[in-house]
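upload.tsv follows; it contains TSV, C-alpha atoms.
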chain	number	residue	atom	x	y	z
A	54	MET	CA	-227.39	-4.81	-56.17
A	55	ALA	CA	-227.35	-8.62	-56.46
A	56	GLY	CA	-225.53	-10.38	-53.68
A	57	GLU	CA	-224.94	-7.25	-51.60
A	58	LYS	CA	-225.69	-7.15	-47.89
A	59	THR	CA	-225.04	-4.21	-45.63
A	60	THR	CA	-224.95	-3.75	-41.89
A	61	GLY	CA	-224.87	-0.11	-40.76
A	62	ARG	CA	-221.99	1.52	-42.57
A	63	THR	CA	-220.08	-1.71	-43.12
A	64	ALA	CA	-220.60	-3.61	-46.36
A	65	ALA	CA	-220.47	-7.39	-46.18
A	66	VAL	CA	-218.05	-9.45	-48.22
A	67	THR	CA	-220.78	-10.47	-50.68
A	68	VAL	CA	-220.38	-7.26	-52.72
A	69	PRO	CA	-219.04	-8.71	-55.97
A	70	PHE	CA	-215.83	-7.86	-57.76
A	71	ARG	CA	-216.25	-5.51	-60.69
A	72	GLN	CA	-212.66	-4.75	-61.63
A	73	PHE	CA	-210.27	-7.47	-62.75
A	74	VAL	CA	-206.60	-6.60	-63.16
A	75	LEU	CA	-204.97	-9.16	-65.45
A	76	LYS	CA	-201.19	-9.35	-65.43
A	77	VAL	CA	-200.11	-9.98	-69.01
A	78	HIS	CA	-196.35	-9.56	-68.54
A	79	SER	CA	-194.36	-10.08	-65.35
A	80	SER	CA	-191.36	-7.90	-66.21
A	81	CYS	CA	-190.76	-4.27	-67.14
A	82	ASN	CA	-188.39	-2.50	-69.52
A	83	LEU	CA	-187.86	0.29	-66.95
A	84	ALA	CA	-186.11	0.19	-63.58
A	85	CYS	CA	-187.77	3.11	-61.79
A	86	THR	CA	-185.83	3.73	-58.61
A	87	TYR	CA	-188.96	3.82	-56.42
A	88	CYS	CA	-190.79	0.78	-57.88
A	89	TYR	CA	-192.44	-1.19	-55.07
A	90	ILE	CA	-192.75	-4.29	-57.27
A	91	TYR	CA	-189.27	-4.85	-58.66
A	92	ALA	CA	-187.31	-3.02	-55.95
A	93	GLY	CA	-189.64	-4.03	-53.11
A	94	PRO	CA	-189.76	-6.88	-50.58
A	95	ASP	CA	-192.03	-9.16	-52.62
A	96	GLN	CA	-190.12	-10.88	-55.40
A	97	THR	CA	-192.72	-13.49	-56.40
A	98	TRP	CA	-192.75	-12.04	-59.92
A	99	ARG	CA	-189.42	-13.80	-60.52
A	100	ARG	CA	-191.09	-17.21	-60.19
A	101	ARG	CA	-193.96	-16.55	-62.57
A	102	PRO	CA	-194.30	-16.89	-66.34
A	103	ARG	CA	-192.94	-13.88	-68.19
A	104	THR	CA	-196.11	-13.69	-70.30
A	105	VAL	CA	-199.53	-15.03	-69.47
A	106	PRO	CA	-200.29	-18.29	-71.35
A	107	PRO	CA	-203.42	-18.38	-73.56
A	108	ALA	CA	-204.90	-21.19	-71.44
A	109	THR	CA	-204.68	-18.99	-68.35
A	110	VAL	CA	-206.41	-16.16	-70.21
A	111	ARG	CA	-209.22	-18.46	-71.32
A	112	GLN	CA	-209.75	-19.80	-67.80
A	113	THR	CA	-209.67	-16.29	-66.34
A	114	ALA	CA	-212.29	-15.21	-68.88
A	115	LEU	CA	-214.52	-18.10	-67.80
A	116	ARG	CA	-214.12	-17.11	-64.14
A	117	ILE	CA	-215.01	-13.50	-64.91
A	118	ALA	CA	-218.08	-14.67	-66.82
A	119	GLU	CA	-219.05	-17.01	-63.97
A	120	HIS	CA	-218.81	-14.13	-61.48
A	121	ALA	CA	-220.79	-11.81	-63.74
A	122	ARG	CA	-223.48	-14.43	-64.19
A	123	THR	CA	-223.71	-15.27	-60.48
A	124	HIS	CA	-224.02	-11.62	-59.44
A	125	ARG	CA	-225.98	-10.42	-62.50
A	126	LEU	CA	-223.38	-7.81	-63.34
A	127	ARG	CA	-224.18	-5.52	-66.26
A	128	GLU	CA	-220.59	-4.37	-66.76
A	129	VAL	CA	-217.07	-5.18	-65.61
A	130	ARG	CA	-213.76	-3.39	-65.96
A	131	ILE	CA	-210.69	-5.25	-67.20
A	132	ASP	CA	-207.26	-3.67	-66.70
A	133	LEU	CA	-204.31	-5.23	-68.51
A	134	HIS	CA	-201.18	-4.59	-66.49
A	135	GLY	CA	-197.62	-5.74	-65.96
A	136	GLY	CA	-194.80	-5.12	-65.58
A	137	GLU	CA	-195.12	-3.32	-68.85
A	138	PRO	CA	-198.10	-4.81	-70.76
A	139	LEU	CA	-196.98	-3.49	-74.15
A	140	LEU	CA	-193.90	-5.74	-74.05
A	141	THR	CA	-196.22	-8.33	-75.61
A	142	GLY	CA	-197.22	-6.00	-78.44
A	143	PRO	CA	-200.89	-5.18	-79.04
A	144	GLY	CA	-201.83	-8.54	-80.61
A	145	PRO	CA	-202.02	-10.59	-77.40
A	146	LEU	CA	-203.93	-7.77	-75.68
A	147	LEU	CA	-206.58	-7.93	-78.39
A	148	ASP	CA	-206.75	-11.72	-78.02
A	149	GLN	CA	-207.21	-11.40	-74.26
A	150	ALA	CA	-209.98	-8.86	-74.69
A	151	ALA	CA	-211.69	-11.07	-77.28
A	152	ALA	CA	-211.54	-14.06	-74.91
A	153	VAL	CA	-213.23	-12.11	-72.11
A	154	ARG	CA	-215.89	-10.61	-74.37
A	155	ALA	CA	-216.70	-14.01	-75.87
A	156	ALA	CA	-217.16	-15.56	-72.43
A	157	LEU	CA	-219.34	-12.86	-70.84
A	158	PRO	CA	-223.04	-13.64	-70.44
A	159	PRO	CA	-225.61	-11.73	-72.49
A	160	GLY	CA	-226.29	-8.28	-71.09
A	161	CYS	CA	-222.84	-7.84	-69.56
A	162	THR	CA	-220.23	-5.63	-71.20
A	163	ALA	CA	-216.53	-5.10	-70.49
A	164	ASP	CA	-214.49	-1.90	-70.51
A	165	PHE	CA	-210.79	-2.45	-71.19
A	166	ALA	CA	-207.82	-0.35	-70.13
A	167	VAL	CA	-204.04	-0.62	-70.39
A	168	GLN	CA	-201.61	1.13	-68.03
A	169	THR	CA	-198.23	1.75	-69.67
A	170	ASN	CA	-194.99	3.63	-69.14
A	171	GLY	CA	-195.38	4.85	-72.72
A	172	THR	CA	-191.96	3.86	-74.02
A	173	LEU	CA	-193.41	1.31	-76.47
A	174	LEU	CA	-196.45	3.31	-77.46
A	175	THR	CA	-196.68	4.24	-81.15
A	176	ARG	CA	-199.40	5.74	-83.29
A	177	SER	CA	-200.09	2.29	-84.74
A	178	VAL	CA	-200.44	0.73	-81.28
A	179	ILE	CA	-202.81	3.49	-80.16
A	180	ASP	CA	-204.88	3.11	-83.33
A	181	THR	CA	-205.06	-0.67	-82.88
A	182	LEU	CA	-206.01	-0.57	-79.21
A	183	GLY	CA	-208.32	2.41	-79.63
A	184	ALA	CA	-210.22	0.67	-82.41
A	185	ALA	CA	-210.78	-2.28	-80.05
A	186	GLY	CA	-212.25	0.02	-77.40
A	187	PHE	CA	-209.24	0.20	-75.09
A	188	ARG	CA	-208.47	3.22	-72.92
A	189	ILE	CA	-204.76	3.85	-72.38
A	190	GLY	CA	-203.31	5.24	-69.17
A	191	LEU	CA	-199.81	6.70	-68.91
A	192	SER	CA	-197.50	6.61	-65.88
A	193	LEU	CA	-195.33	9.72	-65.43
A	194	ASP	CA	-193.78	11.72	-62.59
A	195	GLY	CA	-194.33	15.06	-64.30
A	196	GLY	CA	-194.21	16.72	-67.70
A	197	THR	CA	-190.49	17.51	-67.98
A	198	PRO	CA	-187.27	15.49	-68.27
A	199	GLY	CA	-186.07	16.52	-64.82
A	200	LEU	CA	-189.27	15.46	-63.09
A	201	ASN	CA	-188.95	11.99	-64.63
A	202	ARG	CA	-185.34	11.49	-63.57
A	203	ARG	CA	-186.28	8.43	-61.50
A	204	ARG	CA	-187.90	6.68	-64.46
A	205	VAL	CA	-184.93	5.07	-66.22
A	206	ASP	CA	-184.31	1.84	-68.09
A	207	HIS	CA	-182.12	-1.00	-66.89
A	208	ALA	CA	-179.04	0.70	-68.33
A	209	GLY	CA	-179.85	3.94	-66.49
A	210	ARG	CA	-181.00	5.77	-69.62
A	211	PRO	CA	-183.91	8.23	-69.30
A	212	SER	CA	-187.35	7.12	-70.44
A	213	TRP	CA	-188.62	10.68	-70.91
A	214	PRO	CA	-188.03	11.08	-74.68
A	215	ALA	CA	-190.17	8.03	-75.47
A	216	ALA	CA	-192.74	8.86	-72.79
A	217	ALA	CA	-193.05	12.44	-74.02
A	218	ARG	CA	-193.68	11.16	-77.54
A	219	ALA	CA	-196.37	8.84	-76.16
A	220	ALA	CA	-198.06	11.72	-74.33
A	221	GLY	CA	-198.14	13.72	-77.55
A	222	LEU	CA	-199.68	10.83	-79.46
A	223	LEU	CA	-202.34	10.28	-76.80
A	224	ARG	CA	-203.18	13.99	-76.82
A	225	ASP	CA	-204.20	13.51	-80.45
A	226	ARG	CA	-206.45	10.54	-79.53
A	227	PRO	CA	-208.66	11.77	-76.66
A	228	ASP	CA	-211.06	8.90	-77.25
A	229	ALA	CA	-208.33	6.45	-76.17
A	230	TYR	CA	-206.60	8.60	-73.54
A	231	ALA	CA	-207.48	7.48	-69.98
A	232	GLY	CA	-205.16	9.86	-68.12
A	233	ILE	CA	-201.90	9.99	-66.16
A	234	LEU	CA	-200.87	8.29	-62.93
A	235	CYS	CA	-198.23	10.21	-60.98
A	236	THR	CA	-196.47	8.97	-57.85
A	237	ILE	CA	-195.60	11.94	-55.65
A	238	ASP	CA	-191.92	12.83	-55.37
A	239	ILE	CA	-191.73	15.06	-52.32
A	240	THR	CA	-188.55	16.69	-53.63
A	241	SER	CA	-190.32	17.93	-56.77
A	242	ASP	CA	-192.10	21.27	-56.78
A	243	PRO	CA	-195.86	20.58	-56.76
A	244	THR	CA	-196.65	23.60	-58.91
A	245	GLU	CA	-194.19	22.50	-61.58
A	246	VAL	CA	-195.46	18.93	-61.48
A	247	TYR	CA	-199.12	19.90	-61.79
A	248	ARG	CA	-198.70	22.53	-64.49
A	249	SER	CA	-196.34	20.40	-66.57
A	250	LEU	CA	-198.76	17.47	-66.45
A	251	CYS	CA	-201.71	19.70	-67.38
A	252	ALA	CA	-199.71	20.83	-70.41
A	253	LEU	CA	-199.98	17.23	-71.68
A	254	ASP	CA	-203.80	17.60	-71.79
A	255	PRO	CA	-204.76	14.45	-69.87
A	256	PRO	CA	-208.47	13.96	-69.14
A	257	MET	CA	-207.59	12.71	-65.64
A	258	LEU	CA	-204.69	12.93	-63.17
A	259	ASP	CA	-204.22	10.57	-60.26
A	260	PHE	CA	-201.62	11.57	-57.68
A	261	LEU	CA	-200.47	8.56	-55.67
A	262	LEU	CA	-198.76	8.59	-52.30
A	263	PRO	CA	-195.58	6.45	-52.43
A	264	HIS	CA	-196.34	2.96	-51.16
A	265	ALA	CA	-194.87	2.95	-47.68
A	266	ASN	CA	-195.83	1.82	-44.18
A	267	TRP	CA	-194.76	2.08	-40.54
A	268	SER	CA	-192.05	-0.57	-41.00
A	269	SER	CA	-190.81	0.93	-44.29
A	270	PRO	CA	-191.50	4.67	-43.90
A	271	PRO	CA	-191.87	7.15	-46.78
A	272	PRO	CA	-188.84	9.11	-47.99
A	273	ALA	CA	-189.82	12.26	-46.05
A	274	PRO	CA	-190.29	12.25	-42.26
A	275	LEU	CA	-193.90	12.36	-41.10
A	276	GLY	CA	-195.88	13.22	-38.01
A	277	PRO	CA	-195.18	15.85	-35.36
A	278	ALA	CA	-191.43	15.93	-36.03
A	279	GLY	CA	-191.66	16.02	-39.79
A	280	GLY	CA	-194.92	17.90	-40.22
A	281	THR	CA	-197.23	16.98	-43.09
A	282	PRO	CA	-195.05	17.23	-46.22
A	283	TYR	CA	-197.26	15.06	-48.44
A	284	GLY	CA	-200.43	16.78	-47.24
A	285	ASP	CA	-198.85	20.19	-47.85
A	286	TRP	CA	-197.74	19.08	-51.33
A	287	LEU	CA	-201.25	17.94	-52.22
A	288	CYS	CA	-202.86	21.06	-50.73
A	289	THR	CA	-200.72	23.20	-53.05
A	290	VAL	CA	-201.88	21.18	-56.04
A	291	PHE	CA	-205.49	21.28	-54.86
A	292	ASP	CA	-205.48	25.07	-54.72
A	293	LEU	CA	-204.02	25.26	-58.24
A	294	TRP	CA	-206.70	22.87	-59.47
A	295	TRP	CA	-209.59	24.46	-57.53
A	296	ASP	CA	-208.71	28.01	-58.54
A	297	GLY	CA	-207.52	27.27	-62.05
A	298	GLY	CA	-210.74	26.83	-63.96
A	299	PRO	CA	-211.33	24.01	-66.46
A	300	GLY	CA	-208.69	21.31	-66.35
A	301	PRO	CA	-208.27	17.59	-65.89
A	302	ARG	CA	-210.19	15.67	-63.27
A	303	VAL	CA	-207.86	14.95	-60.33
A	304	ARG	CA	-209.08	11.72	-58.84
A	305	VAL	CA	-207.96	12.07	-55.23
A	306	PHE	CA	-209.58	15.52	-55.04
A	307	THR	CA	-212.87	14.53	-56.65
A	308	GLU	CA	-213.03	11.43	-54.43
A	309	ILE	CA	-212.59	13.52	-51.25
A	310	LEU	CA	-215.07	16.16	-52.44
A	311	GLY	CA	-217.61	13.46	-53.20
A	312	LEU	CA	-217.16	11.87	-49.78
A	313	LEU	CA	-217.56	15.24	-48.06
A	314	LEU	CA	-220.85	15.62	-49.96
A	315	GLY	CA	-222.04	12.17	-48.89
A	316	ARG	CA	-221.26	10.12	-51.97
A	317	PRO	CA	-219.49	6.72	-51.77
A	318	SER	CA	-215.88	6.37	-52.83
A	319	SER	CA	-214.60	4.44	-55.84
A	320	SER	CA	-210.96	4.34	-54.75
A	321	GLU	CA	-208.99	2.40	-52.14
A	322	ALA	CA	-207.09	5.59	-51.28
A	323	VAL	CA	-209.96	7.10	-49.27
A	324	GLY	CA	-213.45	6.26	-48.05
A	325	LEU	CA	-215.10	3.13	-46.67
A	326	SER	CA	-216.59	1.59	-49.82
A	327	PRO	CA	-215.84	-2.12	-50.16
A	328	VAL	CA	-213.00	-3.22	-52.42
A	329	VAL	CA	-214.24	-4.39	-55.82
A	330	ALA	CA	-210.91	-5.24	-57.53
A	331	LEU	CA	-208.66	-8.27	-57.62
A	332	ILE	CA	-205.52	-9.35	-59.48
A	333	VAL	CA	-204.93	-12.41	-61.66
A	334	ASP	CA	-201.21	-12.93	-62.19
A	335	THR	CA	-199.50	-14.52	-65.19
A	336	ASP	CA	-199.67	-17.99	-63.61
A	337	GLY	CA	-203.38	-17.66	-62.83
A	338	ALA	CA	-202.86	-16.88	-59.14
A	339	ILE	CA	-205.69	-14.81	-57.65
A	340	GLU	CA	-204.19	-12.04	-55.57
A	341	GLN	CA	-205.12	-8.94	-53.65
A	342	VAL	CA	-204.05	-5.55	-54.94
A	343	ASP	CA	-200.37	-5.11	-55.83
A	344	SER	CA	-199.84	-2.29	-53.33
A	345	LEU	CA	-199.77	-4.90	-50.55
A	346	LYS	CA	-196.51	-6.19	-52.01
A	347	SER	CA	-194.83	-3.12	-50.56
A	348	ALA	CA	-195.35	-4.60	-47.07
A	349	TYR	CA	-193.69	-8.02	-47.18
A	350	GLU	CA	-193.16	-11.11	-49.34
A	351	GLY	CA	-196.49	-12.80	-50.03
A	352	ALA	CA	-198.68	-10.05	-48.55
A	353	ALA	CA	-200.95	-10.03	-51.61
A	354	ALA	CA	-201.18	-13.82	-51.92
A	355	THR	CA	-204.43	-15.72	-51.32
A	356	GLY	CA	-203.40	-19.28	-52.20
A	357	LEU	CA	-206.17	-19.30	-54.80
A	358	ASP	CA	-205.98	-19.61	-58.57
A	359	VAL	CA	-208.39	-19.44	-61.49
A	360	PHE	CA	-208.01	-23.16	-62.32
A	361	ARG	CA	-209.23	-24.43	-58.93
A	362	HIS	CA	-211.16	-21.53	-57.42
A	363	SER	CA	-213.95	-19.14	-58.29
A	364	PHE	CA	-213.90	-15.43	-57.62
A	365	ASP	CA	-216.59	-16.06	-55.01
A	366	ASP	CA	-213.93	-18.12	-53.20
A	367	ALA	CA	-211.75	-15.01	-53.30
A	368	LEU	CA	-214.58	-12.91	-51.82
A	369	ALA	CA	-214.52	-15.17	-48.75
A	370	HIS	CA	-210.72	-15.13	-48.33
A	371	PRO	CA	-209.72	-13.62	-44.94
A	372	GLY	CA	-207.37	-11.11	-46.55
A	373	MET	CA	-210.06	-9.87	-48.92
A	374	ALA	CA	-212.62	-9.82	-46.10
A	375	ALA	CA	-210.31	-7.69	-43.95
A	376	ARG	CA	-210.05	-5.14	-46.74
A	377	ARG	CA	-213.83	-5.14	-47.22
A	378	ALA	CA	-214.84	-4.74	-43.56
A	379	GLY	CA	-215.36	-0.97	-43.69
A	380	ARG	CA	-215.25	0.86	-40.38
A	381	ASP	CA	-215.15	-2.42	-38.42
A	382	GLY	CA	-211.80	-3.29	-39.99
A	383	LEU	CA	-210.06	-0.10	-38.87
A	384	ALA	CA	-207.83	0.60	-35.90
A	385	ALA	CA	-209.57	1.99	-32.80
A	386	ALA	CA	-208.00	5.41	-33.37
A	387	CYS	CA	-209.50	5.51	-36.87
A	388	ARG	CA	-212.97	4.36	-35.78
A	389	SER	CA	-213.18	7.23	-33.29
A	390	CYS	CA	-211.84	9.87	-35.70
A	391	ALA	CA	-214.18	12.59	-36.95
A	392	LEU	CA	-212.82	12.15	-40.48
A	393	VAL	CA	-213.24	8.37	-40.70
A	394	ASP	CA	-216.05	8.42	-43.28
A	395	VAL	CA	-213.89	10.46	-45.64
A	396	CYS	CA	-210.42	9.13	-44.89
A	397	GLY	CA	-211.50	5.52	-44.43
A	398	GLY	CA	-208.14	4.78	-42.84
A	399	GLY	CA	-206.31	5.57	-46.07
A	400	ASN	CA	-204.81	2.98	-48.37
A	401	TYR	CA	-204.80	-0.45	-46.68
A	402	ALA	CA	-201.17	-1.09	-47.62
A	403	HIS	CA	-200.05	2.08	-45.87
A	404	ARG	CA	-201.31	0.81	-42.48
A	405	TYR	CA	-198.88	-2.08	-42.11
A	406	ARG	CA	-196.63	-2.35	-39.05
A	407	ALA	CA	-194.70	-5.57	-38.60
A	408	ASP	CA	-194.40	-5.37	-34.83
A	409	SER	CA	-197.89	-4.12	-33.98
A	410	GLY	CA	-201.23	-5.20	-35.39
A	411	GLY	CA	-200.20	-5.93	-38.97
A	412	PHE	CA	-202.54	-3.82	-41.12
A	413	ARG	CA	-204.78	-2.79	-38.22
A	414	ASN	CA	-203.13	0.60	-37.73
A	415	PRO	CA	-203.80	4.13	-38.92
A	416	SER	CA	-202.17	5.03	-42.22
A	417	VAL	CA	-198.52	6.03	-42.07
A	418	TYR	CA	-199.84	9.12	-43.91
A	419	CYS	CA	-202.54	9.78	-41.28
A	420	ALA	CA	-201.47	13.36	-40.50
A	421	ASP	CA	-201.06	14.16	-44.20
A	422	LEU	CA	-204.52	12.85	-45.04
A	423	GLU	CA	-206.05	14.89	-42.23
A	424	ARG	CA	-204.26	17.98	-43.49
A	425	LEU	CA	-205.56	17.47	-47.03
A	426	ILE	CA	-209.14	16.55	-46.07
A	427	ARG	CA	-209.54	19.50	-43.71
A	428	HIS	CA	-208.10	21.86	-46.32
A	429	ILE	CA	-210.48	20.61	-49.02
A	430	ALA	CA	-213.40	20.77	-46.59
A	431	ALA	CA	-212.56	24.38	-45.74
A	432	ARG	CA	-212.33	25.38	-49.40
A	433	LEU	CA	-215.63	23.63	-50.13
A	434	ALA	CA	-217.36	25.29	-47.17
A	435	ALA	CA	-216.11	28.70	-48.25
A	436	ALA	CA	-217.41	28.14	-51.78
A	437	VAL	CA	-220.81	27.04	-50.50
A	438	ALA	CA	-221.00	30.08	-48.20
A	439	LEU	CA	-220.38	32.40	-51.14
A	440	ASN	CA	-223.37	30.93	-52.93
Rewrite the coordinates I just gave you, this time as structure tokens.
Amino acid sequence: MAGEKTTGRTAAVTVPFRQFVLKVHSSCNLACTYCYIYAGPDQTWRRRPRTVPPATVRQTALRIAEHARTHRLREVRIDLHGGEPLLTGPGPLLDQAAAVRAALPPGCTADFAVQTNGTLLTRSVIDTLGAAGFRIGLSLDGGTPGLNRRRVDHAGRPSWPAAARAAGLLRDRPDAYAGILCTIDITSDPTEVYRSLCALDPPMLDFLLPHANWSSPPPAPLGPAGGTPYGDWLCTVFDLWWDGGPGPRVRVFTEILGLLLGRPSSSEAVGLSPVVALIVDTDGAIEQVDSLKSAYEGAAATGLDVFRHSFDDALAHPGMAARRAGRDGLAAACRSCALVDVCGGGNYAHRYRADSGGFRNPSVYCADLERLIRHIAARLAAAVALN
């Protein structure tokens, strides 16, 4: 791999970026009650352009091409996000994809994806984006109206009718259907959530722990007093998935299974693989992943932008380096843990504690992750023993 250096189990910061998340719209037509962007501590989105200007797109495309050329990348992934990216309509998304493709060096290709709440998705939009090679991901909390009660618009009206229509349209276009992201609501029954989402026929499900930390704890109590409610929730879903025969890929489960079998991770949620993604916001600011915005104002900022800085400059930024330090970047308790190679300390954003060590702490979901990993390991060991 060009530019990559490794020391023991820790990858150096020269591993290049391969995923570029481009913010195309800074606002959203929904007001989900748990949103860590619009209802969270970081409000920098208010001071940025509502839509990304064409000049910023062109410069970002040149920076991506520069990075691909420097590191001899054969492919990159481009995710168009918001806010809600479809607030621009599909036309600007096609223009942004064309700008990136035109700039890339020979021998390097780009895969494009859009993550949407589905409310603006129509058959025509899917056809247009699908024809341009886009994959479309849907964000839902389940497959019923009641499970999506937290996903409302700014007038408090439910988004489910439009989102359900979008799920039905995507079911008919499997070539363009990327899957469903689902943030866990601990008050929702895991069996109902999983089965209702499977009924929508997604190729992939990704269950996300709510973005929380030691200074802003999750909705349910954790640790010895509160038990492991999120781990228990995910263990229930794992058993349904493991025992249920053919179904969608569930990313958190396949990531943990792969790590238990010695493969590297491809997710920031678990494992020690170096981070390969960055954000470019609508003003051209180069930022770390959005989840950090759940910690405090400016947590994702780097002070860099695509007009004055390369993505190699971002590789050397202290914040990026801290998230790419592998085992060496973890708290002492994590480094000595038997599960460290699988857990990897959990999501970086979930480690934050304002009064103690910043991000150099175990995950606020530490006990839940241990519960889930040990459960999956036991199920895997039992299956291997049977064979």
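In this model, the gap between atom CA of A:Ala84 and atom CA of A:Gly209 comes to 7.9 Å.
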Mind running stretch 258-311 of chain A against stretch 319-334 of chain A at 10 Å and telling me each contacting residue's nearest atom pair with the distance in Å (one decimal), counting only C-alpha atoms, chain and number ascending, as JSON lines?
{"residue": "A:Leu261", "atom": "CA", "partner": "A:Ala322", "partner_atom": "CA", "distance": 8.5}
{"residue": "A:Leu262", "atom": "CA", "partner": "A:Ala322", "partner_atom": "CA", "distance": 8.9}
{"residue": "A:Arg304", "atom": "CA", "partner": "A:Ser320", "partner_atom": "CA", "distance": 8.6}
{"residue": "A:Val305", "atom": "CA", "partner": "A:Ala322", "partner_atom": "CA", "distance": 7.6}
{"residue": "A:Glu308", "atom": "CA", "partner": "A:Ser319", "partner_atom": "CA", "distance": 7.3}
{"residue": "A:Ile309", "atom": "CA", "partner": "A:Val323", "partner_atom": "CA", "distance": 7.2}
{"residue": "A:Gly311", "atom": "CA", "partner": "A:Gly324", "partner_atom": "CA", "distance": 9.8}
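Checking A:Gly136, A:Gly284, A:Gly142, A:Pro271 one by one against A:Asn82, counting all atoms listed in the file, you find the shortest gap at A:Gly136.
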Test item: which residues lie within 10 Å of (-203.6, 17.4, -38.0) counting all atoms listed in the file, as a VMD selection string: chain A and resid 276 to 277 280 to 281 284 419 to 427
File of the preceding selection, C-alpha atoms, as a PDB file, in the coordinates of the input:
ATOM      1  CA  GLY A 276    -195.880  13.220 -38.010  1.00  0.00           C
ATOM      2  CA  PRO A 277    -195.180  15.850 -35.360  1.00  0.00           C
ATOM      3  CA  GLY A 280    -194.920  17.900 -40.220  1.00  0.00           C
ATOM      4  CA  THR A 281    -197.230  16.980 -43.090  1.00  0.00           C
ATOM      5  CA  GLY A 284    -200.430  16.780 -47.240  1.00  0.00           C
ATOM      6  CA  CYS A 419    -202.540   9.780 -41.280  1.00  0.00           C
ATOM      7  CA  ALA A 420    -201.470  13.360 -40.500  1.00  0.00           C
ATOM      8  CA  ASP A 421    -201.060  14.160 -44.200  1.00  0.00           C
ATOM      9  CA  LEU A 422    -204.520  12.850 -45.040  1.00  0.00           C
ATOM     10  CA  GLU A 423    -206.050  14.890 -42.230  1.00  0.00           C
ATOM     11  CA  ARG A 424    -204.260  17.980 -43.490  1.00  0.00           C
ATOM     12  CA  LEU A 425    -205.560  17.470 -47.030  1.00  0.00           C
ATOM     13  CA  ILE A 426    -209.140  16.550 -46.070  1.00  0.00           C
ATOM     14  CA  ARG A 427    -209.540  19.500 -43.710  1.00  0.00           C
TER      15      ARG A 427
END
Closest of A:Gly144, A:Gly300, A:Gly186, A:Gly337 to A:Tyr247 - atom-to-atom distances counting all atoms listed in the file: A:Gly300
